[in-house]
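One file, run39.txt, carrying compact mmCIF, C-alpha atoms:
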```
# COMPACT_ATOMS: atom_id res chain seq x y z
CA MET A 1 -66.22 -15.71 14.13
CA THR A 2 -67.40 -18.33 11.63
CA LYS A 3 -64.62 -20.70 10.60
CA ALA A 4 -66.45 -23.72 9.15
CA ILE A 5 -69.64 -24.30 7.19
CA LEU A 6 -71.42 -27.64 7.45
CA PHE A 7 -73.67 -28.74 4.59
CA ASP A 8 -76.36 -31.36 4.49
CA LEU A 9 -76.43 -33.35 1.23
CA ASP A 10 -79.79 -34.95 0.39
CA GLY A 11 -82.33 -32.23 -0.39
CA THR A 12 -79.72 -29.52 0.18
CA LEU A 13 -76.72 -29.77 -2.15
CA LEU A 14 -78.44 -32.62 -4.00
CA PRO A 15 -82.09 -31.77 -4.74
CA MET A 16 -84.43 -34.69 -4.20
CA ASP A 17 -87.76 -35.91 -2.95
CA GLN A 18 -86.45 -38.19 -0.24
CA GLU A 19 -89.34 -40.67 -0.45
CA VAL A 20 -88.91 -41.03 -4.22
CA PHE A 21 -85.16 -41.53 -3.91
CA VAL A 22 -85.39 -44.10 -1.10
CA LYS A 23 -88.07 -46.10 -2.93
CA ASP A 24 -85.92 -46.13 -6.08
CA TYR A 25 -82.73 -47.01 -4.21
CA LEU A 26 -84.26 -49.85 -2.18
CA GLY A 27 -86.08 -51.24 -5.19
CA ARG A 28 -82.84 -51.43 -7.15
CA MET A 29 -81.01 -53.07 -4.24
CA ALA A 30 -83.75 -55.67 -3.75
CA LYS A 31 -83.73 -56.53 -7.45
CA PHE A 32 -79.92 -56.77 -7.52
CA LEU A 33 -79.68 -59.04 -4.48
CA ALA A 34 -82.67 -61.29 -5.21
CA PRO A 35 -80.64 -63.70 -7.41
CA HIS A 36 -78.19 -64.08 -4.52
CA GLY A 37 -80.75 -65.47 -2.08
CA TYR A 38 -82.11 -62.27 -0.56
CA ASP A 39 -85.89 -62.14 -0.36
CA PRO A 40 -86.86 -58.58 -1.38
CA GLN A 41 -89.42 -58.01 1.38
CA SER A 42 -87.17 -59.44 4.10
CA LEU A 43 -84.22 -57.43 2.80
CA ILE A 44 -86.09 -54.12 2.88
CA LYS A 45 -87.51 -54.89 6.33
CA ALA A 46 -83.96 -55.59 7.59
CA ILE A 47 -82.61 -52.38 6.02
CA TRP A 48 -85.27 -50.28 7.74
CA ALA A 49 -84.59 -52.02 11.05
CA GLY A 50 -80.86 -51.39 10.71
CA THR A 51 -81.46 -47.78 9.75
CA GLY A 52 -83.74 -47.24 12.74
CA ALA A 53 -81.08 -48.67 15.03
CA MET A 54 -78.49 -46.25 13.65
CA VAL A 55 -80.81 -43.29 14.23
CA LYS A 56 -81.12 -44.38 17.87
CA ASN A 57 -77.40 -45.12 18.27
CA ASP A 58 -76.18 -43.99 21.70
CA GLY A 59 -72.54 -43.76 20.64
CA LYS A 60 -71.32 -47.06 22.08
CA ALA A 61 -70.54 -48.40 18.60
CA LEU A 62 -70.04 -47.09 15.08
CA ASN A 63 -73.18 -46.77 13.00
CA GLU A 64 -71.77 -49.37 10.62
CA ASP A 65 -71.50 -51.99 13.37
CA VAL A 66 -74.96 -51.13 14.72
CA PHE A 67 -76.47 -51.48 11.26
CA TRP A 68 -74.95 -54.87 10.44
CA SER A 69 -75.77 -56.30 13.85
CA VAL A 70 -79.47 -55.49 13.52
CA PHE A 71 -79.58 -56.20 9.78
CA ASN A 72 -78.15 -59.69 10.32
CA SER A 73 -80.45 -60.34 13.26
CA VAL A 74 -83.57 -59.50 11.25
CA LEU A 75 -82.42 -61.46 8.21
CA GLY A 76 -81.24 -64.42 10.24
CA ARG A 77 -77.97 -64.69 8.32
CA ASP A 78 -74.47 -63.19 8.35
CA ALA A 79 -74.92 -60.84 5.39
CA LYS A 80 -71.63 -59.12 6.25
CA GLN A 81 -69.96 -62.04 4.47
CA ASP A 82 -71.54 -60.69 1.29
CA GLU A 83 -70.07 -57.20 1.80
CA ALA A 84 -68.30 -57.42 -1.57
CA LEU A 85 -71.69 -57.99 -3.19
CA PHE A 86 -73.13 -54.89 -1.53
CA LEU A 87 -70.05 -52.94 -2.63
CA GLU A 88 -70.63 -54.11 -6.20
CA PHE A 89 -74.21 -52.84 -5.97
CA TYR A 90 -73.07 -49.37 -4.89
CA GLU A 91 -70.41 -49.25 -7.60
CA THR A 92 -72.85 -50.20 -10.36
CA VAL A 93 -76.63 -50.34 -10.02
CA PHE A 94 -76.84 -47.72 -7.27
CA GLN A 95 -75.42 -45.15 -9.69
CA GLN A 96 -78.67 -45.37 -11.68
CA ALA A 97 -80.56 -43.94 -8.69
CA LYS A 98 -79.11 -40.59 -9.74
CA ASP A 99 -82.08 -40.42 -12.11
CA SER A 100 -84.43 -39.98 -9.14
CA CYS A 101 -82.51 -36.89 -7.96
CA GLY A 102 -82.39 -33.37 -9.30
CA PHE A 103 -79.38 -31.18 -9.95
CA ALA A 104 -78.59 -27.66 -8.75
CA PRO A 105 -75.57 -26.00 -10.44
CA ALA A 106 -75.61 -23.47 -7.61
CA ALA A 107 -74.53 -26.18 -5.15
CA ALA A 108 -71.01 -26.31 -6.58
CA GLU A 109 -70.96 -22.52 -6.81
CA VAL A 110 -71.72 -22.22 -3.09
CA ILE A 111 -68.97 -24.69 -2.14
CA ARG A 112 -66.43 -22.85 -4.35
CA GLU A 113 -67.43 -19.54 -2.78
CA CYS A 114 -67.04 -20.92 0.74
CA LYS A 115 -63.56 -22.20 0.00
CA ALA A 116 -62.59 -18.97 -1.76
CA LEU A 117 -63.66 -17.05 1.34
CA GLY A 118 -61.43 -19.28 3.47
CA TYR A 119 -64.07 -21.34 5.23
CA ARG A 120 -63.50 -24.95 6.18
CA VAL A 121 -66.22 -27.08 4.59
CA VAL A 122 -67.85 -30.21 6.03
CA LEU A 123 -70.37 -32.54 4.38
CA ALA A 124 -72.68 -33.14 7.33
CA THR A 125 -75.03 -35.67 5.77
CA ASN A 126 -76.90 -38.10 8.01
CA PRO A 127 -74.43 -41.01 8.33
CA LEU A 128 -76.79 -43.81 7.32
CA PHE A 129 -74.85 -44.80 4.18
CA PRO A 130 -71.41 -46.27 3.53
CA ALA A 131 -68.77 -43.88 2.22
CA ILE A 132 -69.02 -45.16 -1.35
CA ALA A 133 -72.72 -44.23 -1.52
CA THR A 134 -72.19 -40.83 0.10
CA GLN A 135 -69.28 -39.95 -2.17
CA SER A 136 -71.35 -40.99 -5.18
CA ARG A 137 -74.24 -38.72 -4.17
CA ALA A 138 -71.79 -35.85 -3.70
CA ARG A 139 -70.59 -36.39 -7.27
CA TRP A 140 -74.20 -36.46 -8.50
CA ALA A 141 -74.46 -32.96 -7.03
CA GLY A 142 -71.51 -31.84 -9.17
CA LEU A 143 -69.08 -31.93 -6.26
CA ASP A 144 -65.85 -33.73 -5.48
CA PRO A 145 -65.49 -35.59 -2.15
CA GLU A 146 -62.10 -33.86 -1.82
CA ASP A 147 -63.97 -30.54 -1.61
CA PHE A 148 -64.78 -31.42 2.01
CA GLU A 149 -62.50 -31.58 5.03
CA CYS A 150 -64.79 -34.14 6.61
CA ILE A 151 -67.67 -36.29 5.34
CA THR A 152 -69.87 -38.15 7.82
CA THR A 153 -70.61 -41.76 6.83
CA TYR A 154 -71.74 -44.82 8.74
CA GLU A 155 -68.10 -45.99 8.97
CA ASN A 156 -66.90 -42.94 10.93
CA SER A 157 -69.93 -41.82 12.97
CA ARG A 158 -71.54 -42.95 16.21
CA PHE A 159 -74.68 -40.83 16.11
CA CYS A 160 -77.29 -39.65 13.61
CA LYS A 161 -79.46 -36.61 13.10
CA PRO A 162 -81.45 -35.26 14.86
CA ASN A 163 -79.37 -36.24 17.91
CA PRO A 164 -77.32 -33.15 18.90
CA ASP A 165 -74.45 -35.53 19.68
CA TYR A 166 -74.10 -36.03 15.91
CA TYR A 167 -73.07 -32.38 15.65
CA ARG A 168 -70.95 -32.57 18.81
CA GLU A 169 -69.03 -35.44 17.22
CA ILE A 170 -68.29 -33.30 14.15
CA LEU A 171 -67.18 -30.39 16.32
CA GLY A 172 -64.79 -32.74 18.10
CA LYS A 173 -63.34 -33.96 14.81
CA ILE A 174 -62.72 -30.47 13.43
CA GLY A 175 -61.71 -28.96 16.75
CA LEU A 176 -64.16 -26.07 16.75
CA ASP A 177 -66.84 -24.66 19.01
CA GLY A 178 -70.46 -24.49 17.85
CA SER A 179 -70.29 -20.72 17.73
CA GLU A 180 -67.58 -20.99 15.05
CA CYS A 181 -69.79 -22.95 12.64
CA LEU A 182 -72.74 -22.52 10.29
CA MET A 183 -75.04 -25.48 9.49
CA VAL A 184 -76.89 -25.41 6.16
CA GLY A 185 -79.71 -27.89 5.57
CA ASN A 186 -83.23 -28.40 4.28
CA ASP A 187 -84.72 -30.41 7.17
CA VAL A 188 -86.03 -28.33 10.06
CA GLY A 189 -85.97 -31.22 12.53
CA GLU A 190 -82.65 -32.75 11.56
CA ASP A 191 -80.55 -29.74 10.54
CA MET A 192 -81.79 -26.76 12.51
CA ILE A 193 -81.21 -28.69 15.76
CA ALA A 194 -77.59 -27.57 15.36
CA TRP A 195 -78.82 -24.20 16.65
CA THR A 196 -79.01 -25.72 20.15
CA LEU A 197 -75.22 -26.09 20.13
CA GLY A 198 -74.67 -22.43 19.39
CA MET A 199 -74.23 -22.88 15.64
CA LYS A 200 -75.55 -20.40 13.14
CA VAL A 201 -78.03 -22.10 10.81
CA PHE A 202 -79.48 -21.52 7.36
CA LEU A 203 -82.57 -23.38 6.17
CA LEU A 204 -82.45 -24.07 2.43
CA THR A 205 -86.08 -24.17 1.34
CA ASP A 206 -85.82 -25.60 -2.19
CA CYS A 207 -86.59 -29.14 -0.92
CA LEU A 208 -87.94 -28.16 2.49
CA ILE A 209 -88.78 -30.86 5.05
CA ASN A 210 -90.75 -29.55 8.02
CA LYS A 211 -92.53 -32.54 9.56
CA ALA A 212 -93.49 -30.71 12.74
CA GLY A 213 -94.82 -27.66 10.90
CA GLU A 214 -92.48 -25.26 12.69
CA ASP A 215 -92.47 -21.52 12.00
CA ILE A 216 -89.42 -21.31 9.76
CA SER A 217 -89.22 -17.53 9.97
CA GLN A 218 -87.14 -18.01 13.13
CA TYR A 219 -84.29 -19.26 10.93
CA PRO A 220 -82.41 -17.47 8.15
CA ASN A 221 -83.85 -19.20 5.10
CA GLY A 222 -84.29 -19.15 1.34
CA GLY A 223 -82.85 -20.61 -1.84
CA PHE A 224 -79.27 -20.67 -3.08
CA PRO A 225 -79.16 -16.92 -3.92
CA GLU A 226 -80.19 -16.07 -0.36
CA LEU A 227 -77.70 -18.61 1.00
CA LEU A 228 -74.84 -17.08 -0.96
CA HIS A 229 -75.82 -13.62 0.26
CA TYR A 230 -75.95 -14.88 3.85
CA ILE A 231 -72.51 -16.53 3.63
CA ARG A 232 -70.96 -13.41 2.13
CA SER A 233 -72.44 -11.34 4.94
CA LEU A 234 -70.91 -13.42 7.75
```
Write out the structure in this file as structure tokens.
Amino acid sequence: MTKAILFDLDGTLLPMDQEVFVKDYLGRMAKFLAPHGYDPQSLIKAIWAGTGAMVKNDGKALNEDVFWSVFNSVLGRDAKQDEALFLEFYETVFQQAKDSCGFAPAAAEVIRECKALGYRVVLATNPLFPAIATQSRARWAGLDPEDFECITTYENSRFCKPNPDYYREILGKIGLDGSECLMVGNDVGEDMIAWTLGMKVFLLTDCLINKAGEDISQYPNGGFPELLHYIRSL
């Protein structure tokens, strides 16, 4: 019996071309931090290094701690001391990156329907961002962070997609078995891996990412109308 529905955010509830969004986001951060002594090229190199380390996280530390350790090492400075500056960026300039994303009114409709049907709802977005950035992107999608029982961020997660342990960690937090959950996402490699834990899956194809060129017919798939139909049929 399905009790909880997990939703990816970027490219799922929040339509986007991930490459366009990331280029916009990093460009804005580099420009914002340049007057504070951060060389743009070095900053972006350090961010990618920190992000790569989080993706490979083996669970011994929180993603946040892994990121800052590698980020500082690459930059050669203790940037954590400037955390308030980074927070200011996310509160202000980062909000302009909304312009590089789309908007799907059906996203909020799906979340409302899930809650009306009694499902527990989790925002299972790859925990590479701090909570403030993740909550902002949820709002860009027309959602409220309070809509979700759990939101994965780099402060509360020890793994990343596509590591199955990312999903195991969520299951542990919500106290459910894989067979009691549905994972909805747009990335075949990162989201459909939940299938290996016994979860039902639905591949939202509006902003499909399928780097390995898999046959997607093996997964229930489609746009928001098909997703709503699938949820109602559970």
List as a Markdown table every residue of segment 71-171 of chain A that is in contact with segment 36-41 of chain A, defined as an atom at most 10 Å from one of its atoms (using only C-alpha atoms), together with the nearest atom pair and the distance in Å rounded to one decimal, sorted by chain and then rising number.
```
| residue | atom | partner | partner_atom | distance |
| --- | --- | --- | --- | --- |
| A:Leu75 | CA | A:Tyr38 | CA | 8.8 |
| A:Ala79 | CA | A:Tyr38 | CA | 9.4 |
| A:Asp82 | CA | A:His36 | CA | 9.5 |
| A:Leu85 | CA | A:His36 | CA | 9.0 |
```
| Residue neighbourhood Ile216 of chain A, 12 Å, only C-alpha atoms, exclusion window fewer than 5 positions, as a count of residues only | 16
Wanna dump the segment 79-135 of chain A-segment 25-34 of chain A contacts at 10 Å for me, each residue with its shortest atom pair and the distance in Å to one decimal, counting all atoms listed in the file, ordered by chain and number, as CSV?
```
residue,atom,partner,partner_atom,distance
A:Leu85,CA,A:Leu33,CA,8.2
A:Phe86,CA,A:Leu33,CA,8.3
A:Glu88,CA,A:Phe32,CA,9.8
A:Phe89,CA,A:Met29,CA,7.0
A:Tyr90,CA,A:Met29,CA,8.8
A:Val93,CA,A:Arg28,CA,6.9
A:Phe94,CA,A:Tyr25,CA,6.7
A:Gln95,CA,A:Tyr25,CA,9.3
A:Gln96,CA,A:Arg28,CA,8.6
A:Ala97,CA,A:Tyr25,CA,5.8
A:Lys98,CA,A:Tyr25,CA,9.2
A:Ser100,CA,A:Tyr25,CA,8.8
```
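Around the coordinate (-85.8, -50.5, 14.6), residues that reach within 12 Å when counting only C-alpha atoms are Lys45, Ala46, Ile47, Trp48, Ala49, Gly50, Thr51, Gly52, Ala53, Met54, Val55, Lys56, Asn57, Val66, Phe67, Ser69, Val70, Phe71, Ser73 and Val74 of chain A.
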| note | Residue with the minimum atom-to-atom distance to Phe7 of chain A, picked from A:Glu226, A:Glu64, A:Asp99, A:Glu149 with only C-alpha atoms counted, is A:Glu149
| Which residue out of A:Val121, A:Leu62, A:Ile132, A:Ile231 has the minimum interatomic distance to Glu169 of chain A when all atoms listed in the file are used? | A:Leu62
| request: Find the residue from A:Gly213, A:Gly76, A:Pro145, A:Gly102 that sits nearest to Thr12 of chain A; use all atoms listed in the file when measuring. | output: A:Gly102
| query | Hey, which of A:Cys101, A:Gly118, A:Thr125, A:Leu13 ends up closest to Gly223 of chain A? Count all atoms listed in the file. | reply |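 Counting all atoms listed in the file, the residue closest to Gly223 of chain A is A:Leu13.
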| task | Excluding Thr2 of chain A and any residue of its chain fewer than 2 positions from it, enumerate the residues within 8 Å of it, using all atoms listed in the file, and give them as number ranges by chain. | result | A: 4-5, 119, 179-182, 234
Write out N, CA and C atoms for segment 137-161 of chain A, as an mmCIF file, in the coordinates of the input.
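So the final result, stored in out.cif, reads:
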```cif
data_model
loop_
_atom_site.group_PDB
_atom_site.id
_atom_site.type_symbol
_atom_site.label_atom_id
_atom_site.label_comp_id
_atom_site.auth_asym_id
_atom_site.auth_seq_id
_atom_site.Cartn_x
_atom_site.Cartn_y
_atom_site.Cartn_z
ATOM 1 N N ARG A 137 -73.180 -39.739 -4.177
ATOM 2 C CA ARG A 137 -74.240 -38.720 -4.170
ATOM 3 C C ARG A 137 -73.636 -37.320 -4.228
ATOM 4 N N ALA A 138 -72.469 -37.144 -3.613
ATOM 5 C CA ALA A 138 -71.790 -35.850 -3.700
ATOM 6 C C ALA A 138 -71.419 -35.554 -5.157
ATOM 7 N N ARG A 139 -70.943 -36.570 -5.854
ATOM 8 C CA ARG A 139 -70.590 -36.390 -7.270
ATOM 9 C C ARG A 139 -71.825 -36.102 -8.118
ATOM 10 N N TRP A 140 -72.954 -36.748 -7.777
ATOM 11 C CA TRP A 140 -74.200 -36.460 -8.500
ATOM 12 C C TRP A 140 -74.563 -34.986 -8.383
ATOM 13 N N ALA A 141 -74.158 -34.377 -7.270
ATOM 14 C CA ALA A 141 -74.460 -32.960 -7.030
ATOM 15 C C ALA A 141 -73.450 -32.043 -7.721
ATOM 16 N N GLY A 142 -72.509 -32.636 -8.483
ATOM 17 C CA GLY A 142 -71.510 -31.840 -9.170
ATOM 18 C C GLY A 142 -70.326 -31.474 -8.303
ATOM 19 N N LEU A 143 -70.138 -32.215 -7.215
ATOM 20 C CA LEU A 143 -69.080 -31.930 -6.260
ATOM 21 C C LEU A 143 -68.038 -33.040 -6.252
ATOM 22 N N ASP A 144 -66.911 -32.752 -5.637
ATOM 23 C CA ASP A 144 -65.850 -33.730 -5.480
ATOM 24 C C ASP A 144 -65.709 -34.021 -3.990
ATOM 25 N N PRO A 145 -65.651 -35.288 -3.579
ATOM 26 C CA PRO A 145 -65.490 -35.590 -2.150
ATOM 27 C C PRO A 145 -64.309 -34.850 -1.526
ATOM 28 N N GLU A 146 -63.276 -34.576 -2.340
ATOM 29 C CA GLU A 146 -62.100 -33.860 -1.820
ATOM 30 C C GLU A 146 -62.404 -32.396 -1.517
ATOM 31 N N ASP A 147 -63.580 -31.914 -1.932
ATOM 32 C CA ASP A 147 -63.970 -30.540 -1.610
ATOM 33 C C ASP A 147 -64.175 -30.364 -0.104
ATOM 34 N N PHE A 148 -64.379 -31.486 0.606
ATOM 35 C CA PHE A 148 -64.780 -31.420 2.010
ATOM 36 C C PHE A 148 -63.672 -31.905 2.941
ATOM 37 N N GLU A 149 -63.479 -31.190 4.019
ATOM 38 C CA GLU A 149 -62.500 -31.580 5.030
ATOM 39 C C GLU A 149 -62.944 -32.857 5.727
ATOM 40 N N CYS A 150 -64.237 -33.006 5.882
ATOM 41 C CA CYS A 150 -64.790 -34.140 6.610
ATOM 42 C C CYS A 150 -66.136 -34.517 5.985
ATOM 43 N N ILE A 151 -66.389 -35.802 5.834
ATOM 44 C CA ILE A 151 -67.670 -36.290 5.340
ATOM 45 C C ILE A 151 -68.157 -37.344 6.331
ATOM 46 N N THR A 152 -69.354 -37.173 6.857
ATOM 47 C CA THR A 152 -69.870 -38.150 7.820
ATOM 48 C C THR A 152 -70.518 -39.321 7.077
ATOM 49 N N THR A 153 -70.075 -40.539 7.410
ATOM 50 C CA THR A 153 -70.610 -41.760 6.830
ATOM 51 C C THR A 153 -70.852 -42.755 7.960
ATOM 52 N N TYR A 154 -71.455 -43.895 7.644
ATOM 53 C CA TYR A 154 -71.740 -44.820 8.740
ATOM 54 C C TYR A 154 -70.471 -45.493 9.261
ATOM 55 N N GLU A 155 -69.363 -45.410 8.499
ATOM 56 C CA GLU A 155 -68.100 -45.990 8.970
ATOM 57 C C GLU A 155 -67.395 -45.130 10.012
ATOM 58 N N ASN A 156 -67.672 -43.814 10.048
ATOM 59 C CA ASN A 156 -66.900 -42.940 10.930
ATOM 60 C C ASN A 156 -67.750 -42.175 11.947
ATOM 61 N N SER A 157 -69.018 -42.569 12.090
ATOM 62 C CA SER A 157 -69.930 -41.820 12.970
ATOM 63 C C SER A 157 -70.614 -42.744 13.976
ATOM 64 N N ARG A 158 -70.897 -42.185 15.142
ATOM 65 C CA ARG A 158 -71.540 -42.950 16.210
ATOM 66 C C ARG A 158 -72.925 -42.423 16.564
ATOM 67 N N PHE A 159 -73.358 -41.407 15.863
ATOM 68 C CA PHE A 159 -74.680 -40.830 16.110
ATOM 69 C C PHE A 159 -75.308 -40.456 14.773
ATOM 70 N N CYS A 160 -76.591 -40.106 14.810
ATOM 71 C CA CYS A 160 -77.290 -39.650 13.610
ATOM 72 C C CYS A 160 -78.123 -38.417 13.942
ATOM 73 N N LYS A 161 -78.488 -37.686 12.934
ATOM 74 C CA LYS A 161 -79.460 -36.610 13.100
ATOM 75 C C LYS A 161 -80.803 -37.242 13.471
#
```
